[in-house]
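Q: Structure file upload06.tsv (TSV, C-alpha atoms) right here:
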chain	number	residue	atom	x	y	z
K	1	MET	CA	0.00	0.00	0.00
K	2	ILE	CA	2.99	2.33	-0.06
K	3	ALA	CA	2.58	4.78	-2.89
K	4	GLY	CA	5.33	7.05	-1.70
K	5	VAL	CA	7.55	7.76	1.25
K	6	CYS	CA	8.08	11.37	2.17
K	7	ILE	CA	10.96	11.99	4.56
K	8	CYS	CA	11.33	15.59	5.64
K	9	ALA	CA	14.27	16.47	7.88
K	10	TYR	CA	14.88	19.97	9.13
K	11	LEU	CA	18.32	20.46	10.71
K	12	ARG	CA	19.29	23.75	12.34
K	13	GLU	CA	21.95	24.81	14.77
K	14	ASP	CA	20.80	24.97	18.38
K	15	ASN	CA	20.63	28.36	20.04
K	16	THR	CA	23.07	28.25	22.94
K	17	ASP	CA	20.89	30.70	24.87
K	18	GLU	CA	18.13	28.12	25.17
K	19	PRO	CA	17.77	26.29	28.49
K	20	ALA	CA	19.28	22.83	28.59
K	21	GLY	CA	17.06	19.84	28.03
K	22	MET	CA	14.30	19.08	25.57
K	23	VAL	CA	13.60	22.04	23.35
K	24	LYS	CA	10.93	22.58	20.73
K	25	ARG	CA	12.35	25.79	19.33
K	26	ASN	CA	15.72	25.83	17.60
K	27	CYS	CA	15.95	22.07	17.74
K	28	TYR	CA	16.62	19.29	15.31
K	29	ARG	CA	13.23	18.17	14.08
K	30	PHE	CA	12.55	15.01	12.18
K	31	ARG	CA	9.29	13.90	10.71
K	32	VAL	CA	8.62	10.76	8.76
K	33	GLU	CA	5.47	10.61	6.70
K	34	VAL	CA	4.26	7.54	4.84
K	35	ARG	CA	1.42	8.12	2.43
K	36	ILE	CA	-0.64	5.07	1.70
K	37	SER	CA	-2.96	4.96	-1.26
K	38	GLY	CA	-4.70	2.19	-3.09
K	39	SER	CA	-8.12	0.69	-2.69
K	40	ARG	CA	-8.85	2.82	0.34
K	41	ARG	CA	-8.67	6.51	1.07
K	42	ALA	CA	-5.29	8.21	1.19
K	43	THR	CA	-3.99	7.64	4.69
K	44	ARG	CA	-1.12	9.33	6.48
K	45	VAL	CA	0.85	7.17	8.83
K	46	ILE	CA	3.51	8.67	11.04
K	47	VAL	CA	5.82	5.88	12.04
K	48	PHE	CA	7.21	4.95	15.46
K	49	LEU	CA	4.51	3.39	17.57
K	50	PHE	CA	2.13	4.33	14.72
K	51	THR	CA	1.03	7.51	16.46
K	52	PRO	CA	-1.07	10.02	14.48
K	53	ASN	CA	1.75	12.58	14.76
K	54	LEU	CA	5.37	12.43	15.72
K	55	GLU	CA	7.96	15.09	16.32
K	56	VAL	CA	11.31	14.08	17.69
K	57	HIS	CA	12.95	16.85	19.69
K	58	TYR	CA	16.61	16.61	20.52
K	59	THR	CA	18.52	18.11	23.42
K	60	LYS	CA	21.17	20.75	22.73
K	61	PHE	CA	23.81	18.40	24.12
K	62	MET	CA	23.03	15.54	21.76
K	63	ALA	CA	25.91	14.70	19.40
K	64	PHE	CA	25.15	15.23	15.73
K	65	GLY	CA	26.08	11.60	15.03
K	66	THR	CA	23.48	10.47	17.55
K	67	GLN	CA	20.93	12.68	15.85
K	68	LEU	CA	21.76	11.07	12.51
K	69	LEU	CA	21.43	7.64	14.08
K	70	ILE	CA	17.94	8.43	15.36
K	71	VAL	CA	16.99	9.87	11.99
K	72	ALA	CA	18.28	6.72	10.28
K	73	LEU	CA	16.39	4.44	12.63
K	74	LEU	CA	13.14	6.31	12.08
K	75	ALA	CA	13.63	6.46	8.32
K	76	GLY	CA	14.38	2.76	8.26
K	77	THR	CA	11.20	2.11	10.14
K	78	ALA	CA	9.27	4.20	7.64
K	79	VAL	CA	10.64	2.40	4.62
K	80	SER	CA	10.07	-1.03	6.14
K	81	ALA	CA	6.46	-0.20	7.04
K	82	GLY	CA	5.20	-0.71	3.52
K	83	ALA	CA	2.63	-3.45	3.72
K	84	VAL	CA	-0.54	-3.51	5.74
K	85	VAL	CA	-0.68	-7.28	5.86
K	86	ASP	CA	1.92	-9.36	7.64
K	87	THR	CA	3.04	-12.59	5.98
K	88	THR	CA	4.63	-13.87	9.19
K	89	GLY	CA	3.46	-17.39	9.97
K	90	PHE	CA	2.49	-18.44	6.46
K	91	ASP	CA	5.60	-20.61	6.23
K	92	GLN	CA	4.54	-22.32	9.47
K	93	LEU	CA	1.22	-23.51	8.07
K	94	ARG	CA	0.99	-26.99	6.64
K	95	VAL	CA	1.04	-26.83	2.85
K	96	LEU	CA	-2.06	-28.60	1.58
K	97	PRO	CA	-1.77	-31.30	-1.12
K	98	ALA	CA	-1.41	-30.11	-4.70
K	99	LEU	CA	-4.46	-30.96	-6.78
K	100	ALA	CA	-4.95	-31.38	-10.52
K	101	GLY	CA	-7.90	-31.11	-12.87
K	102	ASN	CA	-10.42	-28.43	-13.77
K	103	PRO	CA	-13.47	-28.36	-11.48
K	104	ALA	CA	-16.57	-26.60	-12.81
K	105	ASP	CA	-17.15	-22.88	-12.30
K	106	LYS	CA	-18.11	-21.92	-8.76
K	107	ASP	CA	-19.74	-18.89	-7.20
K	108	TRP	CA	-20.25	-19.22	-3.46
K	109	ARG	CA	-22.32	-16.04	-3.42
K	110	VAL	CA	-25.23	-17.69	-5.26
K	111	LEU	CA	-24.88	-20.72	-2.99
K	112	GLY	CA	-25.54	-18.57	0.09
K	113	ALA	CA	-22.10	-18.91	1.69
K	114	VAL	CA	-21.09	-15.25	1.57
K	115	THR	CA	-22.32	-12.43	3.79
K	116	PRO	CA	-22.88	-8.92	2.41
K	117	VAL	CA	-19.76	-6.90	1.60
K	118	LYS	CA	-18.31	-5.18	4.66
K	119	ASP	CA	-16.49	-1.87	4.96
K	120	GLU	CA	-13.28	-1.32	6.91
K	121	GLY	CA	-13.89	2.40	7.04
K	122	GLY	CA	-10.94	4.39	8.34
K	123	CYS	CA	-9.09	1.33	9.64
K	124	ASP	CA	-6.70	-0.73	7.50
K	125	ALA	CA	-7.87	-4.08	8.85
K	126	SER	CA	-8.28	-6.24	5.75
K	127	TRP	CA	-6.37	-8.97	7.61
K	128	ALA	CA	-9.19	-9.14	10.20
K	129	PHE	CA	-12.04	-8.88	7.70
K	130	ALA	CA	-10.68	-11.61	5.42
K	131	VAL	CA	-10.31	-14.03	8.34
K	132	THR	CA	-13.79	-13.18	9.62
K	133	GLU	CA	-15.24	-13.85	6.17
K	134	LEU	CA	-13.35	-17.14	5.96
K	135	VAL	CA	-14.93	-18.29	9.24
K	136	GLU	CA	-18.39	-17.12	8.12
K	137	SER	CA	-18.29	-19.08	4.88
K	138	ASP	CA	-16.87	-22.20	6.48
K	139	HIS	CA	-19.60	-22.14	9.13
K	140	PHE	CA	-22.25	-22.00	6.42
K	141	ILE	CA	-20.70	-24.89	4.47
K	142	ARG	CA	-20.35	-27.09	7.55
K	143	MET	CA	-23.40	-26.04	9.58
K	144	GLY	CA	-25.83	-24.67	7.00
K	145	THR	CA	-26.25	-21.30	8.74
K	146	LEU	CA	-24.82	-18.02	7.49
K	147	LEU	CA	-23.79	-15.71	10.32
K	148	SER	CA	-22.30	-12.25	10.22
K	149	LEU	CA	-19.32	-12.40	12.57
K	150	SER	CA	-17.20	-9.75	14.27
K	151	PRO	CA	-13.98	-8.43	12.69
K	152	GLN	CA	-13.80	-6.04	15.63
K	153	GLU	CA	-13.10	-8.99	17.92
K	154	LEU	CA	-10.03	-9.85	15.87
K	155	LEU	CA	-8.99	-6.20	15.79
K	156	ASP	CA	-9.17	-5.97	19.59
K	157	CYS	CA	-7.85	-9.40	20.53
K	158	THR	CA	-5.05	-10.15	18.04
K	159	ASP	CA	-1.67	-9.10	19.39
K	160	LEU	CA	1.68	-9.14	17.57
K	161	GLY	CA	1.33	-5.56	16.38
K	162	SER	CA	-1.92	-6.09	14.49
K	163	GLY	CA	-4.31	-3.18	14.35
K	164	CYS	CA	-5.59	-0.39	12.10
K	165	ASN	CA	-2.23	-0.03	10.38
K	166	GLY	CA	-2.21	-3.64	9.24
K	167	GLY	CA	-1.88	-7.02	10.84
K	168	SER	CA	-1.34	-10.73	10.62
K	169	PRO	CA	-3.98	-13.03	9.09
K	170	ILE	CA	-2.22	-15.99	10.70
K	171	GLY	CA	-2.32	-14.20	14.05
K	172	ALA	CA	-6.03	-13.60	13.52
K	173	LEU	CA	-6.58	-17.30	12.79
K	174	GLN	CA	-4.72	-18.07	16.00
K	175	THR	CA	-7.07	-15.71	17.84
K	176	VAL	CA	-10.09	-17.55	16.44
K	177	ILE	CA	-8.73	-20.87	17.68
K	178	ALA	CA	-7.60	-19.50	21.07
K	179	LYS	CA	-10.99	-17.88	21.78
K	180	GLY	CA	-12.93	-20.88	20.58
K	181	GLY	CA	-14.46	-18.90	17.72
K	182	LEU	CA	-15.88	-15.48	16.93
K	183	ALA	CA	-18.89	-13.61	18.25
K	184	LYS	CA	-21.69	-12.32	16.07
K	185	ALA	CA	-21.15	-8.85	14.62
K	186	ALA	CA	-24.26	-7.61	16.41
K	187	ASP	CA	-22.80	-8.69	19.76
K	188	TYR	CA	-19.36	-7.20	19.09
K	189	PRO	CA	-19.96	-4.29	16.68
K	190	TYR	CA	-17.31	-2.77	14.46
K	191	THR	CA	-15.92	0.63	15.48
K	192	ALA	CA	-12.88	0.96	13.15
K	193	MET	CA	-10.73	1.51	16.24
K	194	VAL	CA	-8.65	-0.84	18.37
K	195	ALA	CA	-10.03	-1.27	21.89
K	196	ALA	CA	-9.64	-3.66	24.81
K	197	CYS	CA	-10.37	-7.32	24.06
K	198	LYS	CA	-13.76	-8.30	25.46
K	199	ALA	CA	-15.13	-11.61	26.66
K	200	THR	CA	-17.80	-12.84	24.29
K	201	THR	CA	-20.10	-15.72	23.45
K	202	THR	CA	-18.73	-17.43	20.38
K	203	ALA	CA	-21.03	-18.18	17.48
K	204	ALA	CA	-18.75	-19.93	14.98
K	205	THR	CA	-15.26	-21.35	14.75
K	206	ILE	CA	-13.01	-23.35	12.41
K	207	PRO	CA	-11.25	-26.70	12.79
K	208	GLY	CA	-7.95	-25.39	11.41
K	209	ALA	CA	-6.36	-24.11	8.24
K	210	GLY	CA	-3.65	-24.90	5.71
K	211	ARG	CA	-1.74	-23.09	3.02
K	212	VAL	CA	-2.60	-23.64	-0.61
K	213	PRO	CA	0.59	-24.65	-2.50
K	214	PRO	CA	2.21	-21.27	-3.22
K	215	GLY	CA	1.86	-20.09	-6.80
K	216	ASP	CA	-0.32	-23.04	-7.81
K	217	GLU	CA	-3.52	-21.65	-9.32
K	218	VAL	CA	-4.78	-25.08	-10.35
K	219	SER	CA	-4.72	-26.22	-6.73
K	220	LEU	CA	-6.18	-22.89	-5.67
K	221	GLN	CA	-9.11	-23.48	-8.01
K	222	HIS	CA	-9.74	-26.86	-6.39
K	223	TYR	CA	-9.69	-25.43	-2.88
K	224	VAL	CA	-12.00	-22.56	-3.84
K	225	ALA	CA	-14.35	-25.22	-5.26
K	226	LEU	CA	-14.51	-26.62	-1.70
K	227	GLY	CA	-15.05	-23.24	-0.05
K	228	PRO	CA	-13.98	-19.59	-0.15
K	229	VAL	CA	-10.27	-19.00	0.40
K	230	LEU	CA	-8.33	-16.16	2.01
K	231	ALA	CA	-5.63	-14.61	-0.18
K	232	LEU	CA	-3.12	-11.79	0.01
K	233	ILE	CA	-2.68	-9.53	-3.00
K	234	ASP	CA	-0.97	-6.33	-4.02
K	235	ASP	CA	-3.56	-3.58	-4.33
K	236	SER	CA	-1.16	-0.63	-4.32
K	237	ASP	CA	-1.50	0.45	-7.94
K	238	ALA	CA	-3.96	3.24	-8.72
K	239	SER	CA	-5.63	0.98	-11.30
K	240	PHE	CA	-6.84	-1.19	-8.44
K	241	SER	CA	-8.35	1.68	-6.47
K	242	THR	CA	-10.17	2.95	-9.58
K	243	TYR	CA	-11.39	-0.47	-10.72
K	244	GLN	CA	-15.08	-0.43	-11.69
K	245	GLY	CA	-15.60	-3.65	-13.61
K	246	GLY	CA	-14.21	-6.10	-16.14
K	247	ILE	CA	-11.37	-8.58	-15.63
K	248	TYR	CA	-8.46	-6.98	-13.84
K	249	THR	CA	-4.99	-7.73	-15.20
K	250	GLY	CA	-2.85	-5.24	-13.28
K	251	PRO	CA	-0.38	-3.71	-13.17
K	252	CYS	CA	0.55	-5.04	-9.74
K	253	SER	CA	3.31	-6.88	-7.96
K	254	ASP	CA	3.21	-10.65	-7.51
K	255	SER	CA	5.72	-10.57	-4.66
K	256	HIS	CA	4.70	-7.72	-2.32
K	257	PRO	CA	1.25	-8.37	-0.81
K	258	THR	CA	-0.47	-5.38	0.75
K	259	HIS	CA	-4.08	-6.43	1.26
K	260	ALA	CA	-6.13	-9.44	2.36
K	261	VAL	CA	-9.21	-10.54	0.41
K	262	GLN	CA	-11.57	-13.49	0.10
K	263	ILE	CA	-11.78	-15.52	-3.12
K	264	VAL	CA	-15.42	-16.58	-3.34
K	265	GLY	CA	-15.43	-18.27	-6.73
K	266	TYR	CA	-14.13	-18.39	-10.27
K	267	GLY	CA	-15.55	-18.47	-13.77
K	268	THR	CA	-14.98	-17.90	-17.47
K	269	ASN	CA	-16.06	-15.06	-19.73
K	270	GLY	CA	-15.62	-16.27	-23.29
K	271	SER	CA	-12.00	-17.39	-23.36
K	272	ARG	CA	-10.97	-15.40	-20.28
K	273	ASP	CA	-10.82	-17.10	-16.89
K	274	TYR	CA	-11.18	-15.06	-13.72
K	275	TRP	CA	-11.36	-15.16	-9.94
K	276	ILE	CA	-14.29	-13.65	-8.04
K	277	VAL	CA	-12.65	-11.67	-5.27
K	278	ARG	CA	-14.44	-9.98	-2.40
K	279	ASN	CA	-12.97	-6.81	-0.95
K	280	SER	CA	-13.85	-5.18	2.39
K	281	ILE	CA	-14.13	-1.50	1.53
K	282	GLY	CA	-17.85	-1.23	0.86
K	283	THR	CA	-20.12	-1.74	-2.14
K	284	SER	CA	-19.34	1.61	-3.77
K	285	TRP	CA	-15.93	0.30	-4.85
K	286	GLY	CA	-15.41	-2.02	-7.80
K	287	SER	CA	-18.30	-4.16	-8.94
K	288	PHE	CA	-20.51	-3.76	-5.87
K	289	GLY	CA	-17.53	-4.49	-3.63
K	290	TYR	CA	-16.04	-7.25	-5.80
K	291	ILE	CA	-13.25	-7.46	-8.34
K	292	PHE	CA	-12.82	-10.04	-11.07
K	293	MET	CA	-9.14	-10.87	-11.39
K	294	ALA	CA	-7.47	-12.72	-14.26
K	295	ARG	CA	-6.82	-16.39	-13.62
K	296	HIS	CA	-3.75	-18.47	-14.64
K	297	GLN	CA	-1.46	-15.44	-14.31
K	298	ASN	CA	-0.98	-15.41	-10.54
K	299	ILE	CA	-2.19	-11.84	-10.84
K	300	CYS	CA	-1.05	-9.61	-7.94
K	301	GLY	CA	0.38	-12.73	-6.27
K	302	ILE	CA	-3.10	-14.07	-5.56
K	303	ALA	CA	-1.88	-17.68	-5.26
K	304	ASN	CA	1.26	-16.99	-3.22
K	305	TYR	CA	-0.35	-16.51	0.20
K	306	ALA	CA	-3.67	-18.35	0.10
K	307	VAL	CA	-5.25	-20.08	3.10
K	308	ALA	CA	-8.05	-22.65	3.03
K	309	ILE	CA	-9.97	-24.15	5.92
K	310	SER	CA	-8.77	-27.64	6.81
K	311	ASN	CA	-8.37	-29.90	9.82
K	312	ASP	CA	-4.72	-28.93	10.20
K	313	PRO	CA	-3.73	-27.19	13.45
K	314	ILE	CA	-2.52	-23.61	13.22
K	315	PRO	CA	0.90	-23.42	14.90
K	316	PRO	CA	1.60	-20.72	17.50
K	317	LEU	CA	2.79	-17.53	15.89
K	318	ILE	CA	5.97	-16.00	17.26
K	319	ALA	CA	6.62	-12.44	16.19
K	320	VAL	CA	10.22	-11.83	15.20
K	321	PRO	CA	11.03	-8.19	14.41
K	322	THR	CA	12.53	-7.83	10.96
K	323	LEU	CA	13.98	-5.01	8.92
K	324	SER	CA	13.80	-4.56	5.19
K	325	PRO	CA	17.06	-4.12	3.23
K	326	TRP	CA	16.38	-0.37	3.07
K	327	ALA	CA	15.88	-0.25	6.82
K	328	VAL	CA	19.18	-2.07	7.36
K	329	ALA	CA	20.88	0.40	5.01
K	330	PHE	CA	19.53	3.36	6.97
K	331	LEU	CA	20.62	1.75	10.23
K	332	LEU	CA	24.15	1.15	8.93
K	333	PHE	CA	24.31	4.73	7.69
K	334	GLY	CA	23.38	6.00	11.12
K	335	LEU	CA	25.95	3.82	12.84
K	336	LEU	CA	28.62	4.93	10.36
K	337	ALA	CA	27.76	8.59	10.95
K	338	LEU	CA	27.97	8.07	14.69
K	339	GLY	CA	31.37	6.39	14.31
K	340	VAL	CA	32.73	9.18	12.15
K	341	MET	CA	31.67	11.81	14.64
K	342	LYS	CA	33.30	9.85	17.45
K	343	LEU	CA	36.59	9.63	15.50
K	344	ARG	CA	36.51	13.35	14.78
K	345	ARG	CA	36.01	14.02	18.44
K	346	TYR	CA	38.99	11.90	19.46
K	347	ALA	CA	41.17	13.42	16.72
K	348	LYS	CA	40.82	16.91	18.19
Re-express the file's structure as structure tokens.
A:
Amino acid sequence: MIAGVCICAYLREDNTDEPAGMVKRNCYRFRVEVRISGSRRATRVIVFLFTPNLEVHYTKFMAFGTQLLIVALLAGTAVSAGAVVDTTGFDQLRVLPALAGNPADKDWRVLGAVTPVKDEGGCDASWAFAVTELVESDHFIRMGTLLSLSPQELLDCTDLGSGCNGGSPIGALQTVIAKGGLAKAADYPYTAMVAACKATTTAATIPGAGRVPPGDEVSLQHYVALGPVLALIDDSDASFSTYQGGIYTGPCSDSHPTHAVQIVGYGTNGSRDYWIVRNSIGTSWGSFGYIFMARHQNICGIANYAVAISNDPIPPLIAVPTLSPWAVAFLLFGLLALGVMKLRRYAK
């Protein structure tokens, strides 16, 4: 979802007449702004604890090398904060068997297994919505009852850094298992804000989940024939946000997922095969909240991170902080600057 990274640094000499300590005037100020655009509204995210605003104020006694180090750390955080879905844990899921053949066209909407399109609103929580929708559809297929469940419960109760700036679908699946299921949406209404996790009465759960063989659209077709599937895609290009109909062919990345969706079927229009993909940003977007994406092209990486309901246990998810190559580069730059300033100091 990163359309651009704006890094604005304003460096000025401190005024020696200022009192010692933290100063707001005549200080080194650093602001990192990440603008996210795509299928949702333009969103500004100020990094570092994901606060709505951030100004870092330095003391007059802080070495310039230390200032550069802090700037580098914050910039590295900004650049590494690109996606709003976390792929952590996908490699821990059991990979489901590869399947061959060409099952007949399927549309789970007409079969009654799909609830009305939801809307994330001002909260980037596709990871929670896609998991909620997965549980809803599975409950209908297994139990015969379609329930509208609560994405807010996942938003409140999934740890590991998940929230309105993105999150982990695997962590959300773990939450479903740990809580014994999800509550109805009416009992745990959506607020588009993270709040304290509440005790609830569960209405539906899943037995487990597995990963569709990565990149295998033939197997993906088979698993969608059995039930809707969660998938991660790249929705960062403007062509995605302005999609209004037809079969979408990109442009988009097949290796940098930014958004979680639900594949609810597939079909053919003449000689063109497509996936029926449900988004979670309301019915005013796309084709009444859906997008038809080209099949057999692994468009936007749709088959790379796909999860289907199965009887396989979901392993515990352990969050390991990682840095992107750009973040590492910024960090090394900061450390180098700090070292140079130290050497200059000792050389005097």
Q: Using only C-alpha atoms, can you tell me which of K:Cys164, K:Ser287, K:Leu149, K:Leu154 comes closest to Asp187 of chain K?
A: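 Using only C-alpha atoms, Asp187 of chain K sits closest to K:Leu149.
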Q: Using all atoms listed in the file, I'd like a table of the residues in segment 148-171 of chain K that come within 12 Å of segment 93-96 of chain K; for each, show the closest atom pair and its distance in Å rounded to one decimal, ordered by chain and ascending number, as a tab-separated table.
A:
residue	atom	partner	partner_atom	distance
K:Pro169	CA	K:Leu93	CA	11.7
K:Ile170	CA	K:Leu93	CA	8.7
K:Gly171	CA	K:Leu93	CA	11.6
Q: Within 10 Å of Tyr290 of chain K, counting all atoms listed in the file, which residues qualify if same-chain residues fewer than 4 places away don't, as a list in words?
A: Val117, Tyr243, Gln244, Gly245, Val261, Gln262, Ile263, Val264, Ile276, Val277, Arg278, Asn279, Ser280, Ile281, Gly282, Thr283, Ser284, Trp285 and Gly286 of chain K
Q: With C-alpha atoms retained, write the just-selected residues as a compact mmCIF listing (two decimals), in the coordinates of the input.
A:
# COMPACT_ATOMS: atom_id res chain seq x y z
CA VAL K 117 -19.76 -6.90 1.60
CA TYR K 243 -11.39 -0.47 -10.72
CA GLN K 244 -15.08 -0.43 -11.69
CA GLY K 245 -15.60 -3.65 -13.61
CA VAL K 261 -9.21 -10.54 0.41
CA GLN K 262 -11.57 -13.49 0.10
CA ILE K 263 -11.78 -15.52 -3.12
CA VAL K 264 -15.42 -16.58 -3.34
CA ILE K 276 -14.29 -13.65 -8.04
CA VAL K 277 -12.65 -11.67 -5.27
CA ARG K 278 -14.44 -9.98 -2.40
CA ASN K 279 -12.97 -6.81 -0.95
CA SER K 280 -13.85 -5.18 2.39
CA ILE K 281 -14.13 -1.50 1.53
CA GLY K 282 -17.85 -1.23 0.86
CA THR K 283 -20.12 -1.74 -2.14
CA SER K 284 -19.34 1.61 -3.77
CA TRP K 285 -15.93 0.30 -4.85
CA GLY K 286 -15.41 -2.02 -7.80
Q: Please return, as number ranges by chain, all polymer residues that have at least one atom within 9 Å of the point (-20.8, -17.1, -0.3); use only C-alpha atoms and the file's own coordinate frame.
A: K: 107-116, 136-137, 140, 146, 227-228, 264-265
Q: Can you tell me, as a PyMOL selection string, what residues are no more than 12 Å from Val229 of chain K when counting only C-alpha atoms, ignoring any on the same chain fewer than 3 positions away?
A: chain K and resi 108+113-114+130-138+209-212+219-226+232+260-266+275-278+302-303+305-310
Q: List the spatial neighbours of Pro316 of chain K as a list in words - criterion: any atom at most 12 Å away, only C-alpha atoms, same-chain residues fewer than 2 positions off excluded.
A: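 In the requested form, the answer reads Thr88, Gly89, Phe90, Asp91, Gln92, Leu93, Leu160, Ile170, Gly171, Ala172, Leu173, Gln174, Thr175, Ile177, Ala178, Pro313, Ile314, Ile318 and Ala319 of chain K.
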Q: Which distance in Å separates atom CA of Thr158 of chain K and atom CA of Cys252 of chain K, to one decimal?
A: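 So the answer is 28.8 Å.
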Q: Would you work out the distance separating atom CA of Thr145 of chain K from atom CA of Tyr274 of chain K, expressed in Å to one decimal?
A: 27.8 Å
Q: Measuring between only C-alpha atoms, which one of K:Gly267, K:Phe240, K:Phe129, K:Ala294 shows the shortest distance to Lys106 of chain K?
A: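 Closest to Lys106 of chain K of all the choices is K:Gly267.
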Q: What does the distance from atom CA of Ala204 of chain K to atom CA of Leu147 of chain K come to in Å, to one decimal?
A: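 Value for the atom CA of Ala204 of chain K-atom CA of Leu147 of chain K distance: 8.1 Å.
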Q: Set the distance at 9 Å and use all atoms listed in the file: which residues neighbour Lys198 of chain K once local chain neighbours fewer than 6 positions away are removed? I'd like the list as a list in words.
A: Glu153, Asp156, Cys157 and Tyr188 of chain K
Q: Mind dumping segment 175-193 of chain K from that block, keeping N, CA and C atoms, as an mmCIF file, in the first residue's frame?
A:
data_model
loop_
_atom_site.group_PDB
_atom_site.id
_atom_site.type_symbol
_atom_site.label_atom_id
_atom_site.label_comp_id
_atom_site.auth_asym_id
_atom_site.auth_seq_id
_atom_site.Cartn_x
_atom_site.Cartn_y
_atom_site.Cartn_z
ATOM 1 N N THR K 175 -6.114 -16.295 16.901
ATOM 2 C CA THR K 175 -7.075 -15.711 17.837
ATOM 3 C C THR K 175 -8.401 -16.459 17.789
ATOM 4 N N VAL K 176 -8.845 -16.793 16.583
ATOM 5 C CA VAL K 176 -10.091 -17.550 16.438
ATOM 6 C C VAL K 176 -10.002 -18.876 17.192
ATOM 7 N N ILE K 177 -8.907 -19.573 17.006
ATOM 8 C CA ILE K 177 -8.727 -20.870 17.684
ATOM 9 C C ILE K 177 -8.626 -20.678 19.193
ATOM 10 N N ALA K 178 -7.828 -19.705 19.630
ATOM 11 C CA ALA K 178 -7.600 -19.496 21.065
ATOM 12 C C ALA K 178 -8.881 -19.104 21.796
ATOM 13 N N LYS K 179 -9.746 -18.323 21.144
ATOM 14 C CA LYS K 179 -10.987 -17.880 21.777
ATOM 15 C C LYS K 179 -12.136 -18.852 21.578
ATOM 16 N N GLY K 180 -11.874 -19.907 20.820
ATOM 17 C CA GLY K 180 -12.931 -20.884 20.579
ATOM 18 C C GLY K 180 -13.933 -20.433 19.540
ATOM 19 N N GLY K 181 -13.574 -19.387 18.767
ATOM 20 C CA GLY K 181 -14.455 -18.896 17.719
ATOM 21 C C GLY K 181 -14.658 -17.399 17.806
ATOM 22 N N LEU K 182 -15.573 -16.902 16.972
ATOM 23 C CA LEU K 182 -15.879 -15.480 16.934
ATOM 24 C C LEU K 182 -17.323 -15.220 17.345
ATOM 25 N N ALA K 183 -17.531 -14.042 17.882
ATOM 26 C CA ALA K 183 -18.886 -13.608 18.245
ATOM 27 C C ALA K 183 -19.611 -13.068 17.012
ATOM 28 N N LYS K 184 -20.913 -12.943 17.127
ATOM 29 C CA LYS K 184 -21.686 -12.316 16.065
ATOM 30 C C LYS K 184 -21.350 -10.822 16.005
ATOM 31 N N ALA K 185 -21.440 -10.271 14.789
ATOM 32 C CA ALA K 185 -21.146 -8.846 14.618
ATOM 33 C C ALA K 185 -22.068 -7.980 15.461
ATOM 34 N N ALA K 186 -23.307 -8.399 15.615
ATOM 35 C CA ALA K 186 -24.261 -7.613 16.406
ATOM 36 C C ALA K 186 -23.878 -7.580 17.882
ATOM 37 N N ASP K 187 -23.200 -8.623 18.351
ATOM 38 C CA ASP K 187 -22.803 -8.688 19.757
ATOM 39 C C ASP K 187 -21.462 -8.018 20.023
ATOM 40 N N TYR K 188 -20.687 -7.817 18.959
ATOM 41 C CA TYR K 188 -19.365 -7.198 19.094
ATOM 42 C C TYR K 188 -19.196 -6.276 17.888
ATOM 43 N N PRO K 189 -19.881 -5.137 17.874
ATOM 44 C CA PRO K 189 -19.960 -4.290 16.677
ATOM 45 C C PRO K 189 -18.631 -3.653 16.296
ATOM 46 N N TYR K 190 -18.526 -3.355 15.017
ATOM 47 C CA TYR K 190 -17.307 -2.773 14.458
ATOM 48 C C TYR K 190 -17.261 -1.273 14.733
ATOM 49 N N THR K 191 -16.090 -0.792 15.173
ATOM 50 C CA THR K 191 -15.918 0.628 15.478
ATOM 51 C C THR K 191 -14.790 1.269 14.682
ATOM 52 N N ALA K 192 -14.028 0.465 13.930
ATOM 53 C CA ALA K 192 -12.880 0.959 13.155
ATOM 54 C C ALA K 192 -11.803 1.549 14.053
ATOM 55 N N MET K 193 -11.755 1.090 15.298
ATOM 56 C CA MET K 193 -10.726 1.507 16.243
ATOM 57 C C MET K 193 -10.344 0.305 17.098
#
